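**Q** Take this structure first; my questions come after.
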Amino acid sequence: MEPIRLQRSRLLYQPVFAGIVAALTGFASSFVLVVAGLQAVGASDAQAASGLFALCLAVGVTCIAVPWYFRMPISFAWSTPGAALLVAAGQTTTDFAAAIGAFLVCGILIVLSGLWPWLGRTITSIPKPIAGAMLAGILFPICLAPVTASVQQPLLFVPVVVVWLVLYRLARSLAVPAAMLVAAIGIALTAGTGWMTASSSAPALVFVSPVLDPVVIVSLGIPLFIVTMAGQSVPGFVVLSTFGYRPPPRAILAGSGLASLAASLFGGHGINLAAITAALMAGPDAHPDRSKRWVATATSGAAYLVLGLGAGYAAALVSASPPILITVVAGLALLGALVTSLTTALDDARHRITAVATFLVTASGISVLGIGSAFWGLLVGGAVMLWLGRASTGAGRV
């Protein structure tokens, strides 16, 4: 009987452990990008901490409530490609109230995607070469940072890159958190430890009244909606279907959109269906019994609620860091996403010119009429595809 009890105990432990690992991995690998992105569009330290805290609350609540209701390992995360877009959008706006307005519009569009299936189908039918190339163009300047920084200040940045590279080979899930730890040591050596007491109190939600600026909505809100849907929500559904789950798309999108709306008023740029960490909780490693794996996502939600309490320290750490150091860590964290987006963009030889045109315009960082390069990349990509002609109806859709 004892072996059976031990086995049952281990099986109960599995999903809990998987959920904690997924939450720690998701938080540690991208919180610096979230804070840096919010600060890039004008957030103060307190507002950036509030935004991160709001995102943790939104992710935590949805990861607990939705899996419990549907008894499926449906997991959510903040939009990492969206955070990368915020870093780039800092060139077009530093008015955080206007950015909040864009976040709000993005949340409304996600809700409408669930309530109005036509909109969801329209976004997911954006040709792969254009969607992938736009995302790659957003990520490319950030992913260049490890290269340029290692040449400019090798003593500070080479150790970060080396630690990431070694662990990426030996324990991939630990690579970015370990690189962040080495970066924190570098911060302590260069900026001291004053940042550790700068935000000793618990994080607070700071309400920001949104400003609906049409230019910011076009240059930030709409691209944020597109990269959130095409970059994470759609792949998230694919991951779940791979493991045999068929969650209701309309309820998932409407729920994540409502959570995004609530978080946006306190600085959060939006949440979506998880893709990368979803595999950790939806696969057999979480639990042999498919009907028990929802416990893993519920556990990850509880872990995010706890991690959110450290949002103040996270924002203080980013503020105390040399900006290039944060970009280096973010660039390492996004290399996998860059590879995936480039592969998607260039997969179809018939549309590689379209993909390259979209990529170049987006990566250029240009701003025309106050509208950022992500929008112009989409526009140019669509124009080039129409001009060169599409090989067949429906080819290359996401």
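So you can find residues: chains in the structure tokens are A, B, ... in the order shown, residues in each start at 1, and ligands are numbered from 1 in order.
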Do a neighbour search on A:Leu338 at 10 Å with only C-alpha atoms, toss out local chain neighbours closer than 4 positions, and write the hits as an NGL selection string.
**A** :A and (81 or 132-133 or 135-140 or 142-143 or 331 or 333-334 or 342-344)
**Q** Run DSSP on the backbone of this structure and report the residues of stretch 250-283 of chain A it assigns to alpha helix (DSSP H), as a ChimeraX atom specification.
**A** /A:250-264,278-282
**Q** So which one's closest to A:Gly37, A:Pro141, A:Gly308, A:Pro73, A:Gly82? Using only C-alpha atoms, please.
**A**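 Nearest to A:Gly37: A:Gly82.
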**Q** Find the spatial neighbours of stretch 31-33 of chain A, counting only C-alpha atoms, within a cut-off of 7 Å - ignore same-chain residues fewer than 2 positions away - and output them as a list in words.
**A**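 Once the adjacent positions are removed, what remains is Phe27, Ala28, Ser29, Val35, Ala36, Gly37, Ala83, Ala84, Val318, Ile326 and Ala330 of chain A.
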**Q** In Å, with one decimal, what is the gap from atom CA of A:Gly51 to atom CA of A:Ile108?
**A**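 It comes out at 17.8 Å.
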**Q** Write out as a list in words each polymer residue whose atoms come within 6 Å of stretch 221-232 of chain A, counting only C-alpha atoms; drop sequence neighbours fewer than 4 positions from it.
**A** Ser79, Gly82, Ala102, Phe103, Cys106, Ile217, Gly236 and Ala275 of chain A
**Q** Restricting the calculation to only C-alpha atoms, which member of A:Phe17, A:Trp118, A:Phe237, A:Trp294 is positioned closest to A:Ala65?
**A**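 Once distances to A:Ala65 are computed over only C-alpha atoms, the minimum belongs to A:Trp294.
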**Q** Please report the interatomic distance between atom CA of A:Leu258 and atom CA of A:Ile110 in Å with one decimal.
**A**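 Atom CA of A:Leu258 sits 8.2 Å away from atom CA of A:Ile110.
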**Q** What is the atom CA of A:Leu181 to atom CA of A:Val158 distance in Å?
**A**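 Spanning atom CA of A:Leu181 to atom CA of A:Val158 is a straight-line distance of 13.7 Å.
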**Q** Counting only C-alpha atoms, which residue out of A:Thr362, A:Thr94, A:Ser319, A:Ser373 sits closest to A:Ala46?
**A** A:Ser319
**Q** Write out as an mmCIF file with N, CA and C atoms, in the first residue's frame each polymer residue whose atoms come within 7 Å of A:Ala99, counting only C-alpha atoms; drop sequence neighbours fewer than 4 positions from it.
**A**
```
data_model
loop_
_atom_site.group_PDB
_atom_site.id
_atom_site.type_symbol
_atom_site.label_atom_id
_atom_site.label_comp_id
_atom_site.auth_asym_id
_atom_site.auth_seq_id
_atom_site.Cartn_x
_atom_site.Cartn_y
_atom_site.Cartn_z
ATOM 1 N N VAL A 41 6.812 54.187 -22.903
ATOM 2 C CA VAL A 41 5.661 54.979 -23.370
ATOM 3 C C VAL A 41 5.195 55.976 -22.304
ATOM 4 N N ASP A 95 3.346 59.825 -23.883
ATOM 5 C CA ASP A 95 2.170 60.216 -23.110
ATOM 6 C C ASP A 95 1.507 58.947 -22.604
ATOM 7 N N PHE A 103 -4.205 50.833 -24.945
ATOM 8 C CA PHE A 103 -4.404 49.548 -24.271
ATOM 9 C C PHE A 103 -5.895 49.232 -24.169
ATOM 10 N N VAL A 216 -2.121 57.601 -31.620
ATOM 11 C CA VAL A 216 -1.553 56.558 -30.756
ATOM 12 C C VAL A 216 -2.345 55.258 -30.884
#
```
**Q** Name all residues at most 8 Å from stretch 111-114 of chain A (count only C-alpha atoms; drop same-chain ones fewer than 3 positions away) and give them as a CSV table (one decimal) with N, CA and C atoms, in the first residue's frame.
**A**
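Written output follows (selection20.csv):
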```csv
chain,number,residue,atom,x,y,z
A,107,GLY,N,-8.0,46.0,-25.7
A,107,GLY,CA,-8.9,45.2,-24.9
A,107,GLY,C,-10.3,45.0,-25.5
A,108,ILE,N,-10.8,46.2,-25.9
A,108,ILE,CA,-12.1,46.2,-26.5
A,108,ILE,C,-12.1,45.3,-27.8
A,117,PRO,N,-17.4,36.8,-34.1
A,117,PRO,CA,-16.4,35.9,-34.7
A,117,PRO,C,-15.7,36.4,-36.0
A,118,TRP,N,-16.5,37.3,-36.8
A,118,TRP,CA,-15.9,37.8,-38.0
A,118,TRP,C,-14.6,38.5,-37.8
A,119,LEU,N,-14.6,39.3,-36.7
A,119,LEU,CA,-13.3,40.1,-36.4
A,119,LEU,C,-12.2,39.2,-36.1
A,120,GLY,N,-12.5,38.1,-35.3
A,120,GLY,CA,-11.4,37.2,-34.9
A,120,GLY,C,-10.9,36.5,-36.2
A,249,PRO,N,-13.4,29.1,-28.1
A,249,PRO,CA,-12.7,30.4,-28.4
A,249,PRO,C,-13.4,31.6,-28.0
A,250,ARG,N,-14.7,31.7,-28.2
A,250,ARG,CA,-15.4,32.9,-27.9
A,250,ARG,C,-15.3,33.3,-26.5
A,251,ALA,N,-15.5,32.3,-25.6
A,251,ALA,CA,-15.5,32.6,-24.2
A,251,ALA,C,-14.1,32.9,-23.7
A,252,ILE,N,-13.1,32.3,-24.3
A,252,ILE,CA,-11.7,32.6,-23.9
A,252,ILE,C,-11.3,34.0,-24.3
A,253,LEU,N,-11.6,34.3,-25.6
A,253,LEU,CA,-11.2,35.7,-26.1
A,253,LEU,C,-12.0,36.8,-25.3
A,254,ALA,N,-13.3,36.6,-25.1
A,254,ALA,CA,-14.0,37.6,-24.4
A,254,ALA,C,-13.5,37.7,-22.9
A,255,GLY,N,-13.2,36.6,-22.3
A,255,GLY,CA,-12.7,36.6,-20.9
A,255,GLY,C,-11.4,37.3,-20.8
A,256,SER,N,-10.4,37.0,-21.7
A,256,SER,CA,-9.1,37.6,-21.7
A,256,SER,C,-9.2,39.1,-22.1
A,257,GLY,N,-10.2,39.4,-23.0
A,257,GLY,CA,-10.3,40.8,-23.3
A,257,GLY,C,-10.9,41.7,-22.1
A,258,LEU,N,-11.8,41.1,-21.4
A,258,LEU,CA,-12.4,41.8,-20.2
A,258,LEU,C,-11.3,42.0,-19.2
```
**Q** Identify, with DSSP run on backbone atoms, the residues in stretch 114-342 of chain A assigned to strand (DSSP E or B), and express the list as a PyMOL selection string.
**A** chain A and resi 127+271-273
**Q** Pick from A:Val356, A:Leu317, A:Ile74, A:Val87: nearest to A:Ser233, with only C-alpha atoms counted?
**A**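 Using only C-alpha atoms, the shortest distance to A:Ser233 belongs to A:Ile74.
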**Q** If you count only C-alpha atoms, which residues fall within 7 Å of A:Phe53, apart from same-chain ones fewer than 4 positions away, as a VMD selection string?
**A** chain A and resid 49 57 203 308 311
**Q** From the list A:Gly365, A:Pro288, A:Gly283, A:Pro127, which residue is nearest A:Leu240 when using only C-alpha atoms?
**A**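 Looking at the shortest contact to A:Leu240, the residue is A:Gly283.
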**Q** Between A:Ala296, A:Leu52, A:Ala179, A:Ala88, which one has atoms that come closest to A:Val162, using only C-alpha atoms?
**A**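 Comparing A:Ala296, A:Leu52, A:Ala179, A:Ala88 against A:Val162, the winner is A:Ala179.
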